[in-house]
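> Data: data-v4.txt, compact mmCIF, C-alpha atoms.
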```txt
# COMPACT_ATOMS: atom_id res chain seq x y z
CA MET I 1 44.22 -32.06 25.71
CA ARG I 2 41.33 -32.90 28.00
CA LEU I 3 40.20 -29.27 28.04
CA ILE I 4 40.16 -29.21 24.23
CA SER I 5 38.21 -32.47 24.07
CA LEU I 6 35.55 -31.01 26.36
CA PHE I 7 35.47 -27.71 24.50
CA PHE I 8 34.74 -29.04 21.02
CA PRO I 9 31.68 -31.17 21.96
CA ALA I 10 30.32 -28.16 23.82
CA THR I 11 30.71 -25.88 20.80
CA ILE I 12 29.11 -28.49 18.54
CA PHE I 13 26.16 -28.78 20.93
CA LEU I 14 25.72 -25.00 21.14
CA GLY I 15 25.96 -24.67 17.38
CA ALA I 16 23.32 -27.34 16.86
CA LEU I 17 21.09 -25.68 19.45
CA ALA I 18 21.42 -22.32 17.71
CA GLU I 19 20.41 -23.90 14.40
CA ARG I 20 17.23 -25.28 15.97
CA ILE I 21 16.14 -21.90 17.37
CA PRO I 22 14.62 -19.73 14.61
CA SER I 23 15.30 -16.02 14.55
CA PRO I 24 12.35 -13.74 15.35
CA LEU I 25 11.99 -13.02 11.61
CA GLU I 26 11.96 -16.74 10.76
CA ALA I 27 9.44 -17.40 13.52
CA PHE I 28 7.20 -14.66 12.10
CA LYS I 29 7.43 -16.11 8.63
CA ARG I 30 6.50 -19.58 9.87
CA ALA I 31 3.50 -18.39 11.85
CA GLY I 32 0.08 -18.85 10.35
CA PRO I 33 -3.10 -20.89 10.41
CA SER I 34 -2.93 -24.66 10.66
CA ALA I 35 -3.94 -26.86 7.75
CA GLY I 36 -7.67 -27.46 7.47
CA THR I 37 -8.49 -24.22 9.30
CA VAL I 38 -10.93 -21.79 7.68
CA MET I 39 -9.79 -18.15 7.64
CA THR I 40 -12.17 -15.40 6.54
CA LYS I 41 -10.12 -12.24 7.13
CA CYS I 42 -6.65 -11.04 8.02
CA THR I 43 -5.22 -11.34 11.52
CA GLN I 44 -3.67 -7.86 11.48
CA SER I 45 -4.77 -4.33 10.75
CA GLY I 46 -3.45 -1.88 8.19
CA VAL I 47 -3.58 -4.34 5.29
CA LEU I 48 -5.85 -5.45 2.46
CA ALA I 49 -5.35 -8.85 0.83
CA LEU I 50 -6.69 -8.67 -2.72
CA ALA I 51 -7.59 -12.22 -3.76
CA PHE I 52 -8.73 -13.33 -7.19
CA ASP I 53 -10.44 -16.59 -8.14
CA ASP I 54 -10.96 -18.65 -11.30
CA GLY I 55 -7.86 -17.75 -13.31
CA PRO I 56 -5.64 -17.92 -15.12
CA TYR I 57 -7.55 -16.01 -17.76
CA GLN I 58 -7.03 -13.56 -20.60
CA TYR I 59 -6.82 -10.64 -18.15
CA THR I 60 -4.21 -12.18 -15.84
CA SER I 61 -1.20 -10.45 -17.37
CA ALA I 62 -2.89 -7.05 -17.41
CA LEU I 63 -3.95 -7.49 -13.78
CA VAL I 64 -0.43 -8.43 -12.72
CA ASN I 65 0.96 -5.39 -14.54
CA THR I 66 -1.49 -3.06 -12.79
CA LEU I 67 -0.59 -4.51 -9.39
CA ASN I 68 3.13 -4.34 -10.09
CA GLN I 69 2.97 -0.72 -11.17
CA ALA I 70 1.28 0.13 -7.87
CA GLY I 71 3.77 -1.86 -5.79
CA ALA I 72 0.89 -4.04 -4.65
CA LYS I 73 0.85 -7.75 -3.91
CA ALA I 74 -2.16 -10.04 -4.38
CA THR I 75 -3.18 -13.69 -4.26
CA PHE I 76 -4.33 -15.71 -7.25
CA PHE I 77 -6.48 -18.77 -6.51
CA VAL I 78 -6.02 -20.60 -9.79
CA THR I 79 -7.71 -23.59 -11.40
CA GLY I 80 -6.45 -26.14 -13.87
CA THR I 81 -9.15 -26.23 -16.52
CA LEU I 82 -12.02 -23.84 -15.70
CA TYR I 83 -11.13 -21.41 -18.52
CA GLY I 84 -8.90 -23.60 -20.65
CA CYS I 85 -5.77 -25.51 -19.73
CA ILE I 86 -3.57 -23.76 -17.15
CA HIS I 87 -0.47 -24.68 -19.15
CA ASN I 88 -1.67 -22.38 -21.93
CA GLN I 89 -1.38 -19.52 -19.43
CA ALA I 90 1.78 -20.81 -17.74
CA ALA I 91 3.77 -17.68 -18.60
CA ALA I 92 1.21 -15.42 -16.89
CA VAL I 93 1.11 -17.61 -13.77
CA LYS I 94 4.89 -17.72 -13.57
CA ALA I 95 5.15 -13.96 -14.09
CA ALA I 96 2.75 -13.40 -11.18
CA TYR I 97 4.77 -15.77 -9.00
CA ASN I 98 8.09 -14.17 -9.96
CA ALA I 99 6.69 -10.72 -9.12
CA GLY I 100 5.95 -11.84 -5.57
CA HIS I 101 2.24 -12.46 -5.86
CA GLN I 102 0.91 -15.54 -4.12
CA ILE I 103 -0.24 -18.48 -6.22
CA ALA I 104 -2.81 -20.61 -4.40
CA SER I 105 -5.19 -23.43 -5.28
CA HIS I 106 -8.81 -23.20 -6.35
CA SER I 107 -8.96 -26.90 -7.37
CA TRP I 108 -8.33 -28.48 -10.76
CA SER I 109 -11.73 -28.25 -12.45
CA HIS I 110 -13.83 -26.07 -10.08
CA PRO I 111 -16.52 -28.74 -9.54
CA SER I 112 -19.95 -27.52 -8.47
CA ASN I 113 -20.25 -30.42 -6.02
CA PHE I 114 -16.92 -29.78 -4.27
CA GLY I 115 -18.56 -29.85 -0.84
CA SER I 116 -20.07 -33.31 -1.37
CA MET I 117 -17.11 -35.03 -2.99
CA SER I 118 -15.41 -38.06 -1.48
CA THR I 119 -12.00 -37.75 0.11
CA GLN I 120 -10.43 -39.42 -2.91
CA GLN I 121 -12.22 -37.12 -5.36
CA LEU I 122 -11.10 -34.05 -3.41
CA THR I 123 -7.56 -35.36 -3.24
CA THR I 124 -7.52 -35.86 -7.01
CA GLU I 125 -8.80 -32.31 -7.59
CA MET I 126 -6.07 -30.85 -5.43
CA GLN I 127 -3.21 -33.02 -6.56
CA LYS I 128 -3.87 -32.60 -10.27
CA LEU I 129 -3.47 -28.85 -9.85
CA GLU I 130 -0.46 -29.37 -7.61
CA GLY I 131 1.22 -31.36 -10.38
CA ALA I 132 0.64 -28.55 -12.86
CA LEU I 133 1.93 -25.90 -10.46
CA ASN I 134 4.97 -28.03 -9.76
CA LYS I 135 5.72 -27.78 -13.47
CA ILE I 136 4.98 -24.05 -13.71
CA ILE I 137 6.44 -22.60 -10.49
CA GLY I 138 8.14 -25.60 -8.89
CA LYS I 139 6.16 -25.27 -5.66
CA LYS I 140 3.12 -26.66 -3.89
CA PRO I 141 0.74 -23.99 -2.57
CA THR I 142 -0.24 -24.31 1.08
CA TYR I 143 -3.34 -22.13 0.69
CA MET I 144 -6.57 -22.87 -1.14
CA ARG I 145 -10.02 -21.37 -1.60
CA PRO I 146 -12.71 -23.97 -2.22
CA PRO I 147 -14.98 -23.59 -5.24
CA TYR I 148 -18.24 -21.95 -4.19
CA LEU I 149 -16.62 -21.49 -0.74
CA ALA I 150 -17.71 -25.04 0.09
CA THR I 151 -16.22 -26.17 3.40
CA GLY I 152 -18.66 -28.93 4.37
CA GLY I 153 -18.55 -32.68 3.96
CA ASN I 154 -15.03 -34.07 3.62
CA VAL I 155 -13.43 -30.79 2.59
CA LEU I 156 -11.73 -29.65 5.78
CA ASN I 157 -10.46 -33.06 6.85
CA THR I 158 -9.05 -33.65 3.37
CA MET I 159 -7.40 -30.23 3.23
CA ARG I 160 -5.90 -30.89 6.66
CA THR I 161 -4.45 -34.17 5.44
CA LEU I 162 -3.08 -32.54 2.27
CA GLY I 163 -1.61 -29.57 4.16
CA TYR I 164 -3.82 -26.76 2.85
CA ARG I 165 -5.01 -23.70 4.78
CA VAL I 166 -8.57 -22.88 3.73
CA ILE I 167 -9.50 -19.31 2.80
CA THR I 168 -12.98 -17.92 2.29
CA ASN I 169 -13.75 -14.18 2.54
CA ASP I 170 -15.28 -11.40 4.59
CA VAL I 171 -16.16 -9.05 1.70
CA ASP I 172 -17.89 -10.26 -1.47
CA ALA I 173 -17.29 -7.98 -4.44
CA GLY I 174 -20.30 -9.62 -6.11
CA ASP I 175 -18.76 -9.51 -9.58
CA TRP I 176 -19.83 -13.13 -10.07
CA ASN I 177 -23.41 -12.05 -9.39
CA GLY I 178 -23.58 -9.23 -11.91
CA LEU I 179 -22.65 -6.30 -9.67
CA SER I 180 -20.98 -3.38 -11.39
CA ALA I 181 -17.57 -2.16 -10.28
CA GLN I 182 -19.28 0.83 -8.65
CA GLN I 183 -21.57 -1.46 -6.65
CA SER I 184 -18.55 -3.50 -5.58
CA GLU I 185 -16.82 -0.32 -4.46
CA GLN I 186 -19.78 0.45 -2.20
CA ARG I 187 -19.34 -2.93 -0.51
CA PHE I 188 -15.75 -2.11 0.37
CA GLN I 189 -16.72 1.32 1.63
CA GLN I 190 -19.41 -0.24 3.80
CA ALA I 191 -16.92 -2.78 5.18
CA GLY I 192 -14.53 0.07 6.02
CA ALA I 193 -10.78 0.23 6.38
CA GLY I 194 -10.57 -0.19 10.14
CA GLY I 195 -9.91 -3.34 12.16
CA ASN I 196 -8.24 -6.42 10.78
CA GLY I 197 -7.75 -6.40 7.02
CA HIS I 198 -10.22 -7.80 4.53
CA ILE I 199 -9.85 -10.86 2.32
CA PRO I 200 -12.32 -10.18 -0.49
CA LEU I 201 -13.93 -12.56 -2.93
CA MET I 202 -13.20 -11.30 -6.45
CA HIS I 203 -12.68 -12.85 -9.86
CA GLU I 204 -10.01 -12.02 -12.41
CA THR I 205 -12.33 -13.22 -15.16
CA TYR I 206 -14.39 -10.01 -15.25
CA SER I 207 -13.03 -7.02 -17.15
CA SER I 208 -14.84 -4.60 -14.84
CA THR I 209 -13.02 -6.09 -11.86
CA VAL I 210 -9.61 -5.98 -13.52
CA TYR I 211 -9.84 -2.61 -15.24
CA THR I 212 -12.14 -0.59 -12.94
CA LEU I 213 -12.47 -2.13 -9.47
CA VAL I 214 -8.80 -2.99 -8.94
CA PRO I 215 -7.47 0.52 -9.77
CA TRP I 216 -10.13 1.94 -7.45
CA LEU I 217 -9.10 -0.47 -4.68
CA ILE I 218 -5.45 0.46 -5.09
CA ASN I 219 -6.37 4.13 -4.65
CA TRP I 220 -8.78 3.36 -1.77
CA ALA I 221 -6.08 1.42 0.03
CA LYS I 222 -3.61 4.27 -0.44
CA GLN I 223 -6.09 6.83 0.88
CA ASN I 224 -6.68 4.67 3.96
CA LYS I 225 -2.98 3.84 4.47
CA LEU I 226 -3.53 0.13 3.85
CA ARG I 227 -0.73 -2.06 2.51
CA LEU I 228 -1.77 -4.40 -0.29
CA VAL I 229 -0.34 -7.78 0.67
CA THR I 230 -0.77 -11.48 -0.03
CA VAL I 231 -3.21 -13.57 1.95
CA ALA I 232 -0.32 -15.43 3.57
CA GLU I 233 1.30 -12.19 4.72
CA CYS I 234 -1.96 -10.79 6.07
CA LEU I 235 -2.24 -13.92 8.20
CA GLY I 236 1.27 -13.56 9.60
CA ASP I 237 2.59 -16.31 7.35
CA ALA I 238 4.68 -14.38 4.83
CA GLY I 239 7.14 -17.23 4.30
CA GLY I 240 4.64 -20.06 4.43
CA ALA I 241 2.73 -19.76 1.17
CA TYR I 242 4.48 -22.75 -0.40
CA ALA I 243 5.92 -26.15 0.37
CA ASN I 244 8.01 -28.60 -1.58
CA PRO I 245 5.89 -30.49 -4.13
CA THR I 246 4.54 -33.88 -3.13
CA VAL I 247 3.21 -34.69 -6.61
CA ALA I 248 5.24 -35.14 -9.77
CA ALA I 249 5.18 -32.28 -12.27
CA THR I 250 2.66 -32.61 -15.09
CA SER I 251 2.49 -30.66 -18.36
CA THR I 252 -0.85 -31.62 -19.90
CA CYS I 253 -4.49 -31.17 -19.05
```
Using structure tokens, write down the structure that the file contains.

Amino acid sequence: MRLISLFFPATIFLGALAERIPSPLEAFKRAGPSAGTVMTKCTQSGVLALAFDDGPYQYTSALVNTLNQAGAKATFFVTGTLYGCIHNQAAAVKAAYNAGHQIASHSWSHPSNFGSMSTQQLTTEMQKLEGALNKIIGKKPTYMRPPYLATGGNVLNTMRTLGYRVITNDVDAGDWNGLSAQQSEQRFQQAGAGGNGHIPLMHETYSSTVYTLVPWLINWAKQNKLRLVTVAECLGDAGGAYANPTVAATSTC
């Protein structure tokens, strides 16, 4: 009887210990940048993390279809009201999420003064979008790209407090600045396919980006043996793109 009484506590202890030690795959999925840290490019080679700002928009569904047909994954930094209410495009956002693309934050209203906002103003911008995404996909993103790439002022400290990893870019497609798809292609060719993968700045709100640049990038990646992955995966954080919501779901803008 005494032997049995010693055996069972030991097995319980070992079982509890095993539960606390993540498998190598789990450890890989949990790796990634800390909140409030700015990341400009991938931490591994052989990948390209297509990343699109300012949606959802009228081209979102077409873009998702193109990516899906190519077996590619991408990241969508979405807003709440920049091009109409996000809930009007909820089906497109959810379809992207269900297809394995990463949904990330680009703030609620894309304010031009994001870098000079108070902590409370920044918190409101982030949490209003979080509430909408809670309704649409049931998750809180852990990645964000600040409007206008603004990382000064209170931005980083606030993102650290809210649990957001901050993404900028290392290649600018220039679509926002009037560059043609062909000019954007030249920027990728100049950046090259070697070294750690690129996180580009692109916008899903330009037809030339969606219908010309993206198909070219899919082919360019294939020619250079690059996998098209989410930003989280390219940073070694494949399982860390989301957290449980901390804000109640909202359904209006």
> Leaving out I:Met39 and any residue of its chain fewer than 3 positions from it, which residues lie within 7 Å of it when counting all atoms listed in the file, given as a list of chain:residue names?
I:Val166, I:Ile167, I:Thr168
> Would you mind exporting C-alpha atoms of the selected residues as a PDB file, in the frame of the given file?

```pdb
ATOM      1  CA  VAL I 166      -8.570 -22.880   3.730  1.00  0.00           C
ATOM      2  CA  ILE I 167      -9.500 -19.310   2.800  1.00  0.00           C
ATOM      3  CA  THR I 168     -12.980 -17.920   2.290  1.00  0.00           C
TER       4      THR I 168
END
```
> Fewer than 2 positions away in the same chain doesn't count, so skip those; otherwise give me all residues within 12 Å of I:Leu226, counting all atoms listed in the file, as a ChimeraX atom specification.
/I:44-50,72-73,192-198,217-224,228-229,234
> Which value, in Å to one decimal, gives the distance between atom CA of I:Lys135 and atom CA of I:Val38?
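Computing the Euclidean distance for atom CA of I:Lys135 and atom CA of I:Val38 yields 27.6 Å.
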> To one decimal place in Å, what is the distance between atom CA of I:Arg145 and atom CA of I:Ala70?
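Taking atom CA of I:Arg145 and atom CA of I:Ala70, their separation equals 25.1 Å.
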> I:Ala191, I:Ala181, I:Met126, I:Ala74: which is nearest I:Trp216, counting all atoms listed in the file?
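That would be I:Ala181, the residue with the smallest distance to I:Trp216.
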> If we draw a sphere of 10 Å around (-4.8, -24.2, -19.8), which residues have at least one atom in it when counting only C-alpha atoms? Please report them as a list in words.
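Residues with an atom at most 10 Å from (-4.8, -24.2, -19.8): Gly55, Pro56, Tyr57, Thr79, Gly80, Thr81, Leu82, Tyr83, Gly84, Cys85, Ile86, His87, Asn88, Gln89, Ala90, Ala132, Ser251, Thr252 and Cys253 of chain I.
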> Have a look at atom CA of I:Asp237 and atom CA of I:Tyr59 and let me know their distance in Å, one decimal.
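Taking atom CA of I:Asp237 as the start and atom CA of I:Tyr59 as the end point, the length is 27.8 Å.
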> May I have the residues within 12 Å of I:His110 as a PyMOL selection string, using all atoms listed in the file and disregarding those fewer than 3 positions away in the same chain?
chain I and resi 53-55+77-84+105-107+113-115+117+122+125-126+128-129+144-150
> Do you know which residues lie at most 7 Å from (-13.8, -11.3, 6.7), with coordinates as in the file and all atoms listed in the file counted, and could you write them as an mmCIF file with C-alpha atoms, in the coordinates of the input?

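As a result, result19.cif now contains:
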```cif
data_model
loop_
_atom_site.group_PDB
_atom_site.id
_atom_site.type_symbol
_atom_site.label_atom_id
_atom_site.label_comp_id
_atom_site.auth_asym_id
_atom_site.auth_seq_id
_atom_site.Cartn_x
_atom_site.Cartn_y
_atom_site.Cartn_z
ATOM 1 C CA THR I 40 -12.170 -15.400 6.540
ATOM 2 C CA LYS I 41 -10.120 -12.240 7.130
ATOM 3 C CA ASN I 169 -13.750 -14.180 2.540
ATOM 4 C CA ASP I 170 -15.280 -11.400 4.590
ATOM 5 C CA VAL I 171 -16.160 -9.050 1.700
ATOM 6 C CA HIS I 198 -10.220 -7.800 4.530
ATOM 7 C CA ILE I 199 -9.850 -10.860 2.320
#
```
> Determine the axis-aligned bounding box of all atoms of stretch 87-99 of chain I present in the file, pad each side by 8 Å, and express its centre and edge lengths in Å to one decimal place as JSON.

```
{"center_x": 3.2, "center_y": -17.7, "center_z": -15.5, "size_x": 25.8, "size_y": 30.0, "size_z": 28.9}
```
> Would you list the contacts of stretch 151-163 of chain I as an MDAnalysis selection string, taking every protein, DNA or RNA residue within 6 Å and counting only C-alpha atoms, but skipping same-chain residues closer than 6 positions in sequence?
chainID I and resid 35:36 115:116 119
> Just write the chosen residues, C-alpha atoms, as an mmCIF file, in the frame of the given file.

```
data_model
loop_
_atom_site.group_PDB
_atom_site.id
_atom_site.type_symbol
_atom_site.label_atom_id
_atom_site.label_comp_id
_atom_site.auth_asym_id
_atom_site.auth_seq_id
_atom_site.Cartn_x
_atom_site.Cartn_y
_atom_site.Cartn_z
ATOM 1 C CA ALA I 35 -3.940 -26.860 7.750
ATOM 2 C CA GLY I 36 -7.670 -27.460 7.470
ATOM 3 C CA GLY I 115 -18.560 -29.850 -0.840
ATOM 4 C CA SER I 116 -20.070 -33.310 -1.370
ATOM 5 C CA THR I 119 -12.000 -37.750 0.110
#
```
> Please complete stretch 121-132 of chain I with all heavy atoms and give it back as a PDB file, in the frame of the given file.

```pdb
ATOM      1  N   GLN I 121     -11.919 -38.075  -4.296  1.00  0.00           N
ATOM      2  CA  GLN I 121     -12.220 -37.120  -5.360  1.00  0.00           C
ATOM      3  C   GLN I 121     -11.596 -35.758  -5.057  1.00  0.00           C
ATOM      4  O   GLN I 121     -11.027 -35.110  -5.941  1.00  0.00           O
ATOM      5  CB  GLN I 121     -13.735 -36.988  -5.528  1.00  0.00           C
ATOM      6  CG  GLN I 121     -14.399 -38.197  -6.156  1.00  0.00           C
ATOM      7  CD  GLN I 121     -15.912 -38.098  -6.132  1.00  0.00           C
ATOM      8  OE1 GLN I 121     -16.504 -37.613  -5.159  1.00  0.00           O
ATOM      9  NE2 GLN I 121     -16.549 -38.537  -7.209  1.00  0.00           N
ATOM     10  N   LEU I 122     -11.697 -35.326  -3.803  1.00  0.00           N
ATOM     11  CA  LEU I 122     -11.100 -34.050  -3.410  1.00  0.00           C
ATOM     12  C   LEU I 122      -9.583 -34.094  -3.545  1.00  0.00           C
ATOM     13  O   LEU I 122      -8.961 -33.144  -4.026  1.00  0.00           O
ATOM     14  CB  LEU I 122     -11.478 -33.720  -1.958  1.00  0.00           C
ATOM     15  CG  LEU I 122     -12.946 -33.361  -1.713  1.00  0.00           C
ATOM     16  CD1 LEU I 122     -13.241 -33.360  -0.216  1.00  0.00           C
ATOM     17  CD2 LEU I 122     -13.282 -32.002  -2.318  1.00  0.00           C
ATOM     18  N   THR I 123      -9.003 -35.197  -3.142  1.00  0.00           N
ATOM     19  CA  THR I 123      -7.560 -35.360  -3.240  1.00  0.00           C
ATOM     20  C   THR I 123      -7.105 -35.276  -4.697  1.00  0.00           C
ATOM     21  O   THR I 123      -6.115 -34.609  -5.023  1.00  0.00           O
ATOM     22  CB  THR I 123      -7.113 -36.695  -2.628  1.00  0.00           C
ATOM     23  OG1 THR I 123      -7.470 -36.715  -1.242  1.00  0.00           O
ATOM     24  CG2 THR I 123      -5.612 -36.906  -2.760  1.00  0.00           C
ATOM     25  N   THR I 124      -7.850 -35.911  -5.582  1.00  0.00           N
ATOM     26  CA  THR I 124      -7.520 -35.860  -7.010  1.00  0.00           C
ATOM     27  C   THR I 124      -7.604 -34.432  -7.536  1.00  0.00           C
ATOM     28  O   THR I 124      -6.722 -33.980  -8.280  1.00  0.00           O
ATOM     29  CB  THR I 124      -8.464 -36.772  -7.809  1.00  0.00           C
ATOM     30  OG1 THR I 124      -8.281 -38.125  -7.379  1.00  0.00           O
ATOM     31  CG2 THR I 124      -8.185 -36.681  -9.301  1.00  0.00           C
ATOM     32  N   GLU I 125      -8.648 -33.703  -7.150  1.00  0.00           N
ATOM     33  CA  GLU I 125      -8.800 -32.310  -7.590  1.00  0.00           C
ATOM     34  C   GLU I 125      -7.611 -31.458  -7.158  1.00  0.00           C
ATOM     35  O   GLU I 125      -7.116 -30.639  -7.930  1.00  0.00           O
ATOM     36  CB  GLU I 125     -10.089 -31.723  -6.990  1.00  0.00           C
ATOM     37  CG  GLU I 125     -11.338 -32.054  -7.760  1.00  0.00           C
ATOM     38  CD  GLU I 125     -11.435 -31.294  -9.074  1.00  0.00           C
ATOM     39  OE1 GLU I 125     -11.012 -30.124  -9.122  1.00  0.00           O
ATOM     40  OE2 GLU I 125     -11.931 -31.875 -10.055  1.00  0.00           O
ATOM     41  N   MET I 126      -7.163 -31.663  -5.944  1.00  0.00           N
ATOM     42  CA  MET I 126      -6.070 -30.850  -5.430  1.00  0.00           C
ATOM     43  C   MET I 126      -4.724 -31.265  -6.012  1.00  0.00           C
ATOM     44  O   MET I 126      -3.891 -30.427  -6.372  1.00  0.00           O
ATOM     45  CB  MET I 126      -6.048 -30.921  -3.902  1.00  0.00           C
ATOM     46  CG  MET I 126      -7.319 -30.425  -3.223  1.00  0.00           C
ATOM     47  SD  MET I 126      -7.776 -28.732  -3.671  1.00  0.00           S
ATOM     48  CE  MET I 126      -6.413 -27.834  -2.913  1.00  0.00           C
ATOM     49  N   GLN I 127      -4.515 -32.547  -6.120  1.00  0.00           N
ATOM     50  CA  GLN I 127      -3.210 -33.020  -6.560  1.00  0.00           C
ATOM     51  C   GLN I 127      -2.986 -32.847  -8.058  1.00  0.00           C
ATOM     52  O   GLN I 127      -1.843 -32.685  -8.497  1.00  0.00           O
ATOM     53  CB  GLN I 127      -3.005 -34.474  -6.127  1.00  0.00           C
ATOM     54  CG  GLN I 127      -2.842 -34.613  -4.613  1.00  0.00           C
ATOM     55  CD  GLN I 127      -2.476 -36.003  -4.168  1.00  0.00           C
ATOM     56  OE1 GLN I 127      -2.734 -36.982  -4.879  1.00  0.00           O
ATOM     57  NE2 GLN I 127      -1.889 -36.120  -2.996  1.00  0.00           N
ATOM     58  N   LYS I 128      -4.044 -32.866  -8.834  1.00  0.00           N
ATOM     59  CA  LYS I 128      -3.870 -32.600 -10.270  1.00  0.00           C
ATOM     60  C   LYS I 128      -3.387 -31.163 -10.480  1.00  0.00           C
ATOM     61  O   LYS I 128      -2.492 -30.919 -11.300  1.00  0.00           O
ATOM     62  CB  LYS I 128      -5.180 -32.844 -11.031  1.00  0.00           C
ATOM     63  CG  LYS I 128      -5.531 -34.314 -11.187  1.00  0.00           C
ATOM     64  CD  LYS I 128      -6.782 -34.529 -12.028  1.00  0.00           C
ATOM     65  CE  LYS I 128      -6.523 -34.290 -13.504  1.00  0.00           C
ATOM     66  NZ  LYS I 128      -7.677 -34.680 -14.338  1.00  0.00           N
ATOM     67  N   LEU I 129      -3.940 -30.229  -9.730  1.00  0.00           N
ATOM     68  CA  LEU I 129      -3.470 -28.850  -9.850  1.00  0.00           C
ATOM     69  C   LEU I 129      -2.061 -28.716  -9.281  1.00  0.00           C
ATOM     70  O   LEU I 129      -1.222 -27.992  -9.836  1.00  0.00           O
ATOM     71  CB  LEU I 129      -4.425 -27.889  -9.129  1.00  0.00           C
ATOM     72  CG  LEU I 129      -4.050 -26.410  -9.247  1.00  0.00           C
ATOM     73  CD1 LEU I 129      -4.019 -25.968 -10.703  1.00  0.00           C
ATOM     74  CD2 LEU I 129      -5.005 -25.537  -8.448  1.00  0.00           C
ATOM     75  N   GLU I 130      -1.801 -29.426  -8.190  1.00  0.00           N
ATOM     76  CA  GLU I 130      -0.460 -29.370  -7.610  1.00  0.00           C
ATOM     77  C   GLU I 130       0.593 -29.842  -8.613  1.00  0.00           C
ATOM     78  O   GLU I 130       1.680 -29.257  -8.704  1.00  0.00           O
ATOM     79  CB  GLU I 130      -0.400 -30.233  -6.346  1.00  0.00           C
ATOM     80  CG  GLU I 130       0.941 -30.163  -5.636  1.00  0.00           C
ATOM     81  CD  GLU I 130       1.017 -31.075  -4.431  1.00  0.00           C
ATOM     82  OE1 GLU I 130      -0.033 -31.360  -3.827  1.00  0.00           O
ATOM     83  OE2 GLU I 130       2.138 -31.511  -4.100  1.00  0.00           O
ATOM     84  N   GLY I 131       0.281 -30.884  -9.367  1.00  0.00           N
ATOM     85  CA  GLY I 131       1.220 -31.360 -10.380  1.00  0.00           C
ATOM     86  C   GLY I 131       1.502 -30.318 -11.439  1.00  0.00           C
ATOM     87  O   GLY I 131       2.650 -30.126 -11.861  1.00  0.00           O
ATOM     88  N   ALA I 132       0.458 -29.606 -11.862  1.00  0.00           N
ATOM     89  CA  ALA I 132       0.640 -28.550 -12.860  1.00  0.00           C
ATOM     90  C   ALA I 132       1.461 -27.396 -12.301  1.00  0.00           C
ATOM     91  O   ALA I 132       2.348 -26.863 -12.978  1.00  0.00           O
ATOM     92  CB  ALA I 132      -0.726 -28.047 -13.329  1.00  0.00           C
TER      93      ALA I 132
END
```
